[in-house]
Number of protein chains: 4
Amino acid sequence: MIGEIPKKCKVAQLVEYGKPLEIREVTIPQEVEPNAVLVRNEMAGMCGSDVHQWHGRLGIKAPLPNIPGHETLGRIVKLGEGRTHDCAGDPLKVGDRILWLHVNCGDCYWCRIYRQPHVCPNRIWYAYHCCEEYPHLWGGFAEYSYLLPKTEVVKVPEELSNEEAVGVGCAFRTAVSACERLGGYGVQESVVIQGAGPIALYSLVLAREGGAGKIIVVGAPEKRLALARKWGADHTINIDDVSDAAARRQTILELTQGRGPDVVVEGSGGRTAFREGLEMIRRGGRYVVIGQSSLENTDNIVPGMVTLKHLTIVGNAGALISHFHTALRFIVNKRDKYNFADIISNKYSLEQVNEALAAMESGKEIKAVIVP
Amino acid sequence: MIGEIPKKCKVAQLVEYGKPLEIREVTIPQEVEPNAVLVRNEMAGMCGSDVHQWHGRLGIKAPLPNIPGHETLGRIVKLGEGRTHDCAGDPLKVGDRILWLHVNCGDCYWCRIYRQPHVCPNRIWYAYHCCEEYPHLWGGFAEYSYLLPKTEVVKVPEELSNEEAVGVGCAFRTAVSACERLGGYGVQESVVIQGAGPIALYSLVLAREGGAGKIIVVGAPEKRLALARKWGADHTINIDDVSDAAARRQTILELTQGRGPDVVVEGSGGRTAFREGLEMIRRGGRYVVIGQSSLENTDNIVPGMVTLKHLTIVGNAGALISHFHTALRFIVNKRDKYNFADIISNKYSLEQVNEALAAMESGKEIKAVIVP
Amino acid sequence: MIGEIPKKCKVAQLVEYGKPLEIREVTIPQEVEPNAVLVRNEMAGMCGSDVHQWHGRLGIKAPLPNIPGHETLGRIVKLGEGRTHDCAGDPLKVGDRILWLHVNCGDCYWCRIYRQPHVCPNRIWYAYHCCEEYPHLWGGFAEYSYLLPKTEVVKVPEELSNEEAVGVGCAFRTAVSACERLGGYGVQESVVIQGAGPIALYSLVLAREGGAGKIIVVGAPEKRLALARKWGADHTINIDDVSDAAARRQTILELTQGRGPDVVVEGSGGRTAFREGLEMIRRGGRYVVIGQSSLENTDNIVPGMVTLKHLTIVGNAGALISHFHTALRFIVNKRDKYNFADIISNKYSLEQVNEALAAMESGKEIKAVIVP
Amino acid sequence: MIGEIPKKCKVAQLVEYGKPLEIREVTIPQEVEPNAVLVRNEMAGMCGSDVHQWHGRLGIKAPLPNIPGHETLGRIVKLGEGRTHDCAGDPLKVGDRILWLHVNCGDCYWCRIYRQPHVCPNRIWYAYHCCEEYPHLWGGFAEYSYLLPKTEVVKVPEELSNEEAVGVGCAFRTAVSACERLGGYGVQESVVIQGAGPIALYSLVLAREGGAGKIIVVGAPEKRLALARKWGADHTINIDDVSDAAARRQTILELTQGRGPDVVVEGSGGRTAFREGLEMIRRGGRYVVIGQSSLENTDNIVPGMVTLKHLTIVGNAGALISHFHTALRFIVNKRDKYNFADIISNKYSLEQVNEALAAMESGKEIKAVIVP
């Protein structure tokens with residue numbers, strides 16, 4: 001069904017920060033080690049951090065040259081010996097569609113003793129890896145991916161389209177992990193979601209289906225906010241229209257009986273979002289911070305708010321393979337209610353990758369995808 | 001035994017921010033309402049926030065003129081009708097020594113619906129109240145206190161000296177509440193305590209007796225650190241000697257196998273302590289913030305650390321009466337091992353109150369007390 | 001609109017266990033103390049525990065004679081001085097409809113130190129109180145109720161019908177509290193709900209709207225299961241049809257990929273339900289036990305299952321006033337989706353109270369209500 | 001340093017339930033696979049479940065013939081390729097002493113999705129494995145052990161004696177895991193520990209050092225209770241002297257101000273212990289159940305207590321390798337205060353294994369060990 005593996009394939013390489021990615025050819029390994037997997041990429045999501053990666057300002061180091069694209073859905077071309085099933089025990093065969101996680105070492109103090117592989121310091125990152133290193137096919141903006149033997153993978157249920165499932169590869173599984181870190185929503189808690197990009201929108205549906213009461217989404221542009229309302233936001237505040245944080249806070253206070261929201265979800269990555277979250281949240285509230293992925297951005301905050309407002313703040317870094325599995329089950333069970341493909345606002349070919357990056361940077365897209 | 005109630009008593013009033021407190025006489029209510037209590041103050045602790053109050057830079061508003069002193073131990077002079085027992089059900093009688101909490105309204109959204117009286121917005125604050133208002137005797141730097149009917153009180157066990165128990169009135173009960181907010185210590189977790197004042201020292205004994213492994217105290221001056229070591233700190237870092245935060249962080253990393261501490265307790269109120277805590281804490285660690293009591297101080301932090309380090313941060317504001325009760329039981333059960341009176345480094349008369357404030361500000365004292 | 005308070009009113013009294021309730025007249029207090037409330041009962045829900053009370057086999061003692069009915073919705077006739085607003089700060093006036101909680105003392109070790117008024121040992125129980133004691137009007141199966149000064153009350157939003165709101169008085173607020181005790185539902189967790197009466201049905205909607213995946217309801221009769229399916233149950237198992245617990249367990253295993261449910265909610269009060277729950281739940285699962293309200297029923301279980309299956313089990317006793325408030329907000333926000341009045345399968349006059357009890361005992365009703 | 005590996009070694013085999021174990025010789029693998037480890041057993045603890053295993057009434061199946069002994073400390077004889085360090089990153093070499101965990105599959109729904117390897121259904125059990133299967137050396141009552149490639153191991157710190165460390169292999173690491181499941185102890189919580197064997201005694205030191213207030217140990221015989229008092233129990237109740245559960249409960253109520261203990265730790269495995277725990281625990285208390293390891297024992301309980309007492313009950317099955325590591329750090333840091341070797345009441349040679357089993361069954365020992 002899949003046939004011969006070509007000798008080479010096209011990839012989009014980041015060769016110099018801020019410069020256009022270059023379309024190059026790299027060699028495809030013809031043999032796969034035990035437990036490794038060769039994948040024909042079908043769709044690669046583009047997210048805000050791809051823009052950061054492009055400009056070289058990501059918290060995670062990405063040595064040059066590299067192949068961006070860390071939210072990839074692909075079809076199995078070749079299965080290494082011993083790779084017989086996915087993370088949930090479903091059998092795998094050539095032709096199945098899968099998603100995968102960066103490779104946690106499974107063997108360090110964080111993986112074994114702390115049981116927090118979320119922050120494994122020995123992680124091998126797909127997409128953030130120099131592609132001169134074997135097996136070269138590290139990123140999603142490419143025709144093929146080669147998955148290392150220890151890579152955890154999850155099978156994409158047959159009934160889901162690529163458009164519905166691709167966001168699980170990064171944004172949705174991260175939102176699921178963050179929801180777990182938060183401890184879920186109390187019955188009818190009021191929620192503000194900062195941001196209106198994919199992480200924010202997936203967090204919105206999780207809050208909507210997870211027991212929240214009033215949900216307010218604060219972001220831009222209107223295209224994203226329209227989807228937020230379609231997906232159940234009770235109110236949206238367009239930060240392009242209401243550019244003053246104090247004015248936004250005032251509106252939110254009015255919408256929350258003068259108390260402020262019970263929960264704030266930071267899913268924007270905005271430069272001053274953390275400060276704004278601390279200010280708007282109610283006394284005794286809970287704040288989950290997902291979008292702040294840069295270590296270069298600093299913000300001037302009032303630490304006394306953490307104390308005097310008696311806050312609980314949790315950060316979430318990435319996700320585990322279980323969160324992919326959960327996100328997929330969520331989509332399967334809720335797709336009659338939400339059109340998850342709505343989040344894909346545009347598709348680009350591999351050759352259009354720079355156009356896609358520019359569109360993401362400009363905020364024109366909700367989520368762009370590369371179809372390589 | 002208590003005899004006549006005098007018509008008037010001496011109090012120390014803060015009349016103008018930053019100016020010396022004035023010793024004045026105010027009228028003592030001769031009758032107490034049902035459930036109210038008239039108390040002869042025996043000892044009033046002085047804490048860092050008294051210095052902030054003096055300078056008018058406290059997060060909590062304290063209208064002028066006021067009588068500072070919010071950590072007061074006193075002996076019951078007169079019990080209002082219906083006030084028959086303390087918070088734990090122990091019977092109360094004239095002559096008993098008690099401690100008390102600020103008055104939460106018990107009736108607002110925070111008290112009834114959120115069940116977080118910690119942040120009751122209608123709280124009536126002792127010490128932070130204009131003393132021109134009846135019943136005038138709002139603060140501890142005075143010969144008498146008048147406790148409103150809804151005030152929650154706890155009896156001080158007979159076997160404890162004033163010196164052992166007075167810190168329960170603010171610092172110790174706050175440390176107990178913060179320990180609860182943190183969820184306690186995992187077995188053998190490593191801990192850094194930022195600060196070496198009373199909140200930090202009480203947090204130290206709670207960590208020491210609460211399952212922590214290595215405990216490092218970071219503060220000054222040497223007098224406080226010596227007590228920290230006596231009370232079980234494995235290491236102390238004197239910030240006067242090691243004034244560079246990066247150097248402190250390096251030492252802490254070395255003491256924690258290069259990972260950073262599992263838990264950080266901010267009990268210093270230091271201007272840049274929050275930033276330093278975020279930087280030193282290990283990936284996946286937990287941070288409890290107690291000492292940041294000013295809303296005027298801002299700090300420049302990297303919000304991305306909350307996300308990328310997958311942190312859990314909890315703030316703690318004040319305490320509930322149950323935490324007083326728990327702190328007292330702790331002292332009763334651990335006083336063979338710790339001399340809790342050690343924390344009282346000096347006693348001052350009411351007339352010496354300005355001397356005491358100056359000593360606290362200079363950092364010369366661990367905890368000064370007023371014996372009015 | 002309210003006019004004169006009559007001298008007397010009709011009540012249904014339980015005079016002897018197991019014997020028909022008697023309709024009698026009792027005196028209505030003409031004056032209400034400060035903070036007390038006189039209420040004209042509009043609707044009183046009947047729940048399974050009323051049948052237990054009738055037969056004298058309730059865990060809670062109910063001295064004779066008493067007026068059953070602890071899930072009562074009424075309209076304010078007279079407000080004691082000082083009673084100006086409800087638990088959430090909404091203003092109260094004569095004519096408003098309210099619901100109320102049994103009276104926790106607010107002053108014992110459980111209320112003050114443990115902060116678990118759920119199990120206040122000094123609680124004054126409405127409905128489980130000898131009605132020869134002043135103010136006589138302790139129960140809901142009566143034309144009037146007299147609420148003691150310390151009673152916590154919540155206003156019923158205008159837009160809700162009595163039929164929608166009455167269940168909040170006991171069953172729904174208990175389900176909300178139990179959901180909180182459970183810690184909510186993880187995203188897409190599978191759930192079995194034992195029972196199909198009001199607590200079970202309200203637990204079902206909380207799970208449905210709170211993030212659960214597949215939900216299976218196990219109960220009877222078909223009338224209740226039909227409503228369960230209408231309210232979102234994915235599967236129902238009729239215990240009349242499948243009377244063998246092992247067969248039920250087998251079906252549940254098949255519906256949960258052979259693992260068993262992630263969460264079990266015991267809302268049945270069934271004699272062997274706890275044992276069955278322990279057996280069906282998956283290894284590592286969570287079990288919340290709400291329906292077991294008798295101290296006379298014993299069951300033969302395998303304690304080793306708690307250990308070897310690594311279970312988490314939480315019991316829930318009653319609720320706090322905050323849970324009433326939350327349940328009402330839930331209804332307001334979800335009434336477009338669920339017809340909450342569906343749970344009221346029949347209405348009876350006060351004179352028909354024995355008929356209603358018989359109907360509840362026979363399992364013919366979902367929830368019967370008395371309209372006194 | 002270790003020299004030649006002998007061709008064969010002595011082992012104690014359970015050939016028929018209830019019959020004496022037989023000393024036999026089995027072949028030692030001369031080669032070890034990558035990541036496997038050959039170990040010269042130095043000491044094997046005997047625990048209550050060995051007696052259950054002997055009689056064939058363990059919850060876990062142990063096919064015959066097998067080599068009991070699942071709490072084994074041994075010295076590395078040969079390291080498979082790739083096995084370079086222990087679970088905490090400490091380097092391993094021939095001659096190091098180690099402890100190890102049963103082998104969780106790492107690949108099932110419990111290991112990957114639920115992240116609860118505690119209850120991995122595919123676990124390969126040491127000691128509970130037919131020893132006719134390669135590599136034969138499955139149990140601790142033998143001169144050698146062969147550890148499978150996926151076995152997680154922890155290095156025993158040099159300063160610890162075998163007697164101090166051997167209990168970490170099962171009893172202590174289980175107590176650490178259970179303490180974590182409980183969520184630790186609140187400051188000054190009162191605790192009853194049911195049982196006085198190794199799990200109970202290790203739970204006692206964890207409670208003592210973990211913040212508990214009064215600790216009461218209920219068990220037998222006096223020898224164990226004497227050690228409990230030495231290790232910090234405030235009170236002990238000898239169940240041989242006070243054989244009536246109601247009388248024990250009365251004493252415990254008196255020792256806990258009539259409220260009952262805040263926390264109960266079931267570490268006895270006693271037939272009626274679970275029922276007794278439910279009865280004695282205070283309303284709103286927390287119960288951790290560790291000792292109930294049989295699926296054959298049933299007990300008649302009142303399920304209504306779970307509800308009406310608003311209890312939290314957690315079971316704990318086994319432990320993870322991180323708990324071994326934590327237990328060892330605990331011993332290293334607390335050995336000046338506790339003589340952990342005290343728990344080893346007797347040493348037996350391999351040939352004396354039946355004598356040791358008889359002694360354990362009779363309750364004569366605290367913990368017996370085999371020195372093979």
# chains A, B, ... in the order shown; residues from 1 in each chain; ligands from 1
>>> interface_residues(of="chain A", to="chain C", cutoff="6 Å", atoms="only C-alpha atoms", output="list in words")
Glu209, Gly210 and Gly211 of chain A
>>> select_by_dssp(residues="region 90-181 of chain A", states="strand (DSSP E or B)", output="PyMOL selection string")
chain A and resi 91+97-100+103+124+130+142+144-147+153-155
>>> residues_around(residues="Trp110 (chain D)", least_positions_apart="3", cutoff="9 Å", atoms="only C-alpha atoms", output="ChimeraX atom specification")
/C:283-284 /D:106-107,113-121
>>> residues_around(residues="Asp96 (chain D)", least_positions_apart="4", cutoff="9 Å", atoms="only C-alpha atoms", output="ChimeraX atom specification")
/D:74-77,92,155-156,158
>>> select_by_dssp(residues="region 33-94 of chain D", states="helix (DSSP H, G or I)", output="list in words")
Gly48, Ser49, Asp50, Val51, His52, Gln53, Trp54 and His55 of chain D
>>> residues_around(residues="Ile366 (chain D)", least_positions_apart="5", cutoff="12 Å", atoms="only C-alpha atoms", output="short mmCIF file (atom, residue, chain, number, x, y, z; two decimals) with C-alpha atoms, in the first residue's frame")
data_model
loop_
_atom_site.label_atom_id
_atom_site.label_comp_id
_atom_site.auth_asym_id
_atom_site.auth_seq_id
_atom_site.Cartn_x
_atom_site.Cartn_y
_atom_site.Cartn_z
CA GLY D 45 13.57 -9.55 54.68
CA MET D 46 10.61 -11.66 55.62
CA CYS D 47 7.24 -10.02 55.87
CA GLY D 48 3.72 -10.96 56.75
CA GLY D 167 13.37 -3.12 54.96
CA ALA D 171 7.91 -2.50 53.91
CA GLY D 195 -0.55 -2.86 63.46
CA ALA D 196 2.95 -2.95 64.85
CA GLY D 197 4.83 -4.88 62.21
CA PRO D 198 7.36 -3.36 59.80
CA ILE D 199 4.89 -1.42 57.61
CA ALA D 200 3.26 -0.03 60.73
CA LEU D 201 6.57 0.86 62.34
CA TYR D 202 7.89 2.57 59.23
CA GLY D 219 -0.95 -3.96 67.79
CA ALA D 220 1.01 -6.79 69.35
CA PRO D 221 3.12 -8.32 70.70
CA GLU D 222 4.79 -6.22 73.37
CA LYS D 223 8.18 -6.53 71.67
CA ARG D 224 6.91 -4.62 68.66
CA LEU D 225 5.07 -2.08 70.80
CA ALA D 226 8.22 -1.44 72.79
CA LEU D 227 9.97 -0.52 69.55
CA ALA D 228 6.99 1.64 68.58
CA ALA D 341 18.36 -1.93 62.47
CA ASP D 342 16.15 -2.41 65.54
CA ILE D 343 13.41 -3.64 63.28
CA ILE D 344 15.43 -6.77 62.47
CA SER D 345 14.68 -8.91 65.45
CA ASN D 346 16.42 -12.04 64.22
CA LYS D 347 18.61 -13.42 61.45
CA ALA D 356 11.91 -18.14 60.24
CA ALA D 359 8.56 -17.41 63.90
CA MET D 360 6.94 -14.75 61.70
CA GLU D 361 3.64 -16.57 61.77
#
>>> residues_around(residues="region 6-16 of chain A", least_positions_apart="2", cutoff="7 Å", atoms="only C-alpha atoms", output="list in words")
Glu4, Gly18, Lys19, Leu21, Glu22, Ile23, Arg24, Glu25, Val26, Thr27, Ile28, Trp54, Leu64, Pro65, Asn66, Ile67, Phe141, Ala142, Glu143, Tyr144 and Leu350 of chain A
>>> atom_distance(atom1="CA of Glu164 (chain C)", atom2="CA of Ile215 (chain A)")
24.0 Å
>>> residues_around(residues="region 296-309 of chain C", least_positions_apart="6", cutoff="9 Å", atoms="only C-alpha atoms", output="MDAnalysis selection string")
(chainID C and resid 57:59 271:276 278:279 281:285) or (chainID D and resid 59:60 119 269 271 273:275 288:304 313:318)
>>> write_last_selection(atoms="N, CA and C atoms", output="compact mmCIF listing (two decimals), in the first residue's frame")
# COMPACT_ATOMS: atom_id res chain seq x y z
N ARG C 57 -35.40 4.19 60.34
CA ARG C 57 -34.11 3.52 60.13
C ARG C 57 -33.07 4.46 59.49
N LEU C 58 -33.20 5.72 59.80
CA LEU C 58 -32.28 6.71 59.25
C LEU C 58 -31.03 6.80 60.14
N GLY C 59 -29.88 7.07 59.53
CA GLY C 59 -28.65 7.27 60.30
C GLY C 59 -28.79 8.44 61.27
N ARG C 271 -28.45 -1.70 49.31
CA ARG C 271 -27.88 -2.48 50.42
C ARG C 271 -26.52 -3.06 50.08
N THR C 272 -26.31 -3.47 48.84
CA THR C 272 -25.04 -4.09 48.46
C THR C 272 -24.29 -3.23 47.45
N ALA C 273 -24.69 -1.98 47.34
CA ALA C 273 -24.10 -1.12 46.32
C ALA C 273 -22.61 -0.88 46.55
N PHE C 274 -22.22 -0.70 47.81
CA PHE C 274 -20.82 -0.39 48.08
C PHE C 274 -19.93 -1.55 47.64
N ARG C 275 -20.34 -2.76 47.97
CA ARG C 275 -19.59 -3.94 47.56
C ARG C 275 -19.48 -4.01 46.04
N GLU C 276 -20.59 -3.76 45.38
CA GLU C 276 -20.62 -3.84 43.92
C GLU C 276 -19.71 -2.75 43.31
N LEU C 278 -17.00 -1.44 44.69
CA LEU C 278 -15.60 -1.85 44.87
C LEU C 278 -15.19 -2.88 43.83
N GLU C 279 -16.13 -3.73 43.48
CA GLU C 279 -15.80 -4.80 42.53
C GLU C 279 -15.68 -4.29 41.11
N ILE C 281 -15.12 -1.07 39.95
CA ILE C 281 -14.25 0.06 39.67
C ILE C 281 -12.89 -0.42 39.17
N ARG C 282 -12.29 0.36 38.30
CA ARG C 282 -10.98 -0.05 37.78
C ARG C 282 -9.91 0.12 38.84
N ARG C 283 -8.83 -0.62 38.68
CA ARG C 283 -7.65 -0.40 39.52
C ARG C 283 -7.26 1.07 39.46
N GLY C 284 -7.01 1.65 40.57
CA GLY C 284 -6.59 3.04 40.59
C GLY C 284 -7.74 4.03 40.46
N GLY C 285 -8.97 3.54 40.50
CA GLY C 285 -10.12 4.42 40.31
C GLY C 285 -10.52 5.20 41.55
N GLY D 59 -3.23 -12.18 47.80
CA GLY D 59 -4.00 -11.56 46.71
C GLY D 59 -3.31 -11.74 45.36
N ILE D 60 -2.00 -11.65 45.37
CA ILE D 60 -1.21 -11.84 44.15
C ILE D 60 -0.97 -13.34 43.96
N VAL D 119 -0.36 -0.25 39.86
CA VAL D 119 -1.33 -1.32 39.61
C VAL D 119 -1.23 -1.84 38.17
N GLY D 269 -2.98 -5.67 58.33
CA GLY D 269 -3.48 -6.84 57.63
C GLY D 269 -4.49 -7.64 58.43
N ARG D 271 -7.80 -9.14 60.15
CA ARG D 271 -9.03 -9.56 59.50
C ARG D 271 -10.16 -8.56 59.67
N ALA D 273 -9.59 -5.33 60.79
CA ALA D 273 -8.97 -4.02 60.99
C ALA D 273 -9.71 -2.91 60.26
N PHE D 274 -10.18 -3.20 59.05
CA PHE D 274 -10.83 -2.15 58.25
C PHE D 274 -12.10 -1.67 58.96
N ARG D 275 -12.87 -2.62 59.43
CA ARG D 275 -14.09 -2.26 60.15
C ARG D 275 -13.76 -1.41 61.39
N VAL D 288 -5.81 5.63 55.48
CA VAL D 288 -4.99 5.01 54.43
C VAL D 288 -4.83 3.53 54.75
N VAL D 289 -5.15 2.71 53.78
CA VAL D 289 -5.24 1.26 53.98
C VAL D 289 -4.10 0.59 53.21
N ILE D 290 -3.17 0.01 53.94
CA ILE D 290 -1.97 -0.57 53.32
C ILE D 290 -1.87 -2.06 53.54
N GLY D 291 -2.35 -2.52 54.71
CA GLY D 291 -2.02 -3.88 55.12
C GLY D 291 -2.95 -4.95 54.59
N GLN D 292 -4.05 -4.56 53.98
CA GLN D 292 -5.05 -5.56 53.56
C GLN D 292 -4.63 -6.17 52.23
N SER D 293 -3.86 -7.25 52.28
CA SER D 293 -3.31 -7.76 51.03
C SER D 293 -3.96 -9.05 50.56
N SER D 294 -5.00 -9.47 51.24
CA SER D 294 -5.67 -10.71 50.82
C SER D 294 -6.99 -10.38 50.14
N LEU D 295 -7.29 -11.12 49.08
CA LEU D 295 -8.60 -10.97 48.45
C LEU D 295 -9.58 -12.01 48.97
N GLU D 296 -9.13 -12.85 49.88
CA GLU D 296 -10.00 -13.89 50.41
C GLU D 296 -10.72 -13.45 51.67
N ASN D 297 -10.10 -12.55 52.38
CA ASN D 297 -10.72 -12.08 53.61
C ASN D 297 -11.87 -11.13 53.32
N THR D 298 -13.02 -11.39 53.93
CA THR D 298 -14.12 -10.44 53.82
C THR D 298 -14.41 -9.89 55.21
N ASP D 299 -15.02 -8.73 55.23
CA ASP D 299 -15.36 -8.15 56.52
C ASP D 299 -16.72 -7.47 56.39
N ASN D 300 -17.44 -7.51 57.48
CA ASN D 300 -18.77 -6.95 57.51
C ASN D 300 -18.68 -5.52 58.02
N ILE D 301 -18.93 -4.58 57.12
CA ILE D 301 -18.80 -3.18 57.53
C ILE D 301 -20.12 -2.44 57.36
N VAL D 302 -20.16 -1.20 57.83
CA VAL D 302 -21.32 -0.34 57.67
C VAL D 302 -20.96 0.70 56.61
N PRO D 303 -21.38 0.50 55.37
CA PRO D 303 -21.00 1.45 54.32
C PRO D 303 -21.48 2.87 54.62
N GLY D 304 -22.56 2.99 55.38
CA GLY D 304 -23.07 4.31 55.72
C GLY D 304 -22.06 5.16 56.48
N ILE D 313 -10.80 7.78 52.11
CA ILE D 313 -10.12 6.49 52.28
C ILE D 313 -9.24 6.27 51.06
N VAL D 314 -7.97 6.02 51.28
CA VAL D 314 -7.11 5.69 50.14
C VAL D 314 -6.42 4.37 50.39
N GLY D 315 -6.40 3.55 49.37
CA GLY D 315 -5.65 2.31 49.42
C GLY D 315 -4.29 2.53 48.78
N ASN D 316 -3.33 1.77 49.20
CA ASN D 316 -2.02 1.85 48.57
C ASN D 316 -1.52 0.46 48.23
N ALA D 317 -1.19 0.27 46.97
CA ALA D 317 -0.64 -1.00 46.51
C ALA D 317 0.82 -0.80 46.15
N GLY D 318 1.68 -1.36 46.92
CA GLY D 318 3.10 -1.35 46.60
C GLY D 318 3.70 0.03 46.53
>>> closest_residue(among="A:Leu101, A:Val39, A:Ala44, A:Ala233", to="Phe324 (chain A)", atoms="only C-alpha atoms")
A:Leu101
>>> atom_distance(atom1="CA of His136 (chain C)", atom2="CA of Pro149 (chain C)")
14.6 Å
>>> decode(residues="region 49-62 of chain C", atoms="N, CA and C atoms", output="tab-separated table (two decimals), in the first residue's frame")
chain	number	residue	atom	x	y	z
C	49	SER	N	-34.69	9.21	51.73
C	49	SER	CA	-34.48	9.20	53.17
C	49	SER	C	-35.77	9.52	53.92
C	50	ASP	N	-36.73	10.13	53.26
C	50	ASP	CA	-38.03	10.31	53.93
C	50	ASP	C	-38.68	8.95	54.21
C	51	VAL	N	-38.49	8.04	53.28
C	51	VAL	CA	-39.02	6.69	53.51
C	51	VAL	C	-38.29	6.03	54.67
C	52	HIS	N	-36.96	6.21	54.70
C	52	HIS	CA	-36.20	5.67	55.85
C	52	HIS	C	-36.66	6.32	57.16
C	53	GLN	N	-36.86	7.63	57.11
C	53	GLN	CA	-37.30	8.35	58.32
C	53	GLN	C	-38.64	7.80	58.80
C	54	TRP	N	-39.52	7.60	57.86
C	54	TRP	CA	-40.84	7.06	58.15
C	54	TRP	C	-40.74	5.73	58.91
C	55	HIS	N	-39.79	4.91	58.47
C	55	HIS	CA	-39.64	3.60	59.08
C	55	HIS	C	-38.67	3.60	60.26
C	56	GLY	N	-38.12	4.79	60.55
C	56	GLY	CA	-37.24	4.88	61.73
C	56	GLY	C	-35.90	4.22	61.54
C	57	ARG	N	-35.40	4.19	60.34
C	57	ARG	CA	-34.11	3.52	60.13
C	57	ARG	C	-33.07	4.46	59.49
C	58	LEU	N	-33.20	5.72	59.80
C	58	LEU	CA	-32.28	6.71	59.25
C	58	LEU	C	-31.03	6.80	60.14
C	59	GLY	N	-29.88	7.07	59.53
C	59	GLY	CA	-28.65	7.27	60.30
C	59	GLY	C	-28.79	8.44	61.27
C	60	ILE	N	-29.48	9.47	60.85
C	60	ILE	CA	-29.73	10.64	61.69
C	60	ILE	C	-30.95	10.36	62.56
C	61	LYS	N	-30.88	10.71	63.83
C	61	LYS	CA	-32.02	10.48	64.71
C	61	LYS	C	-33.10	11.53	64.49
C	62	ALA	N	-34.34	11.08	64.46
C	62	ALA	CA	-35.46	12.00	64.27
C	62	ALA	C	-36.50	11.73	65.36
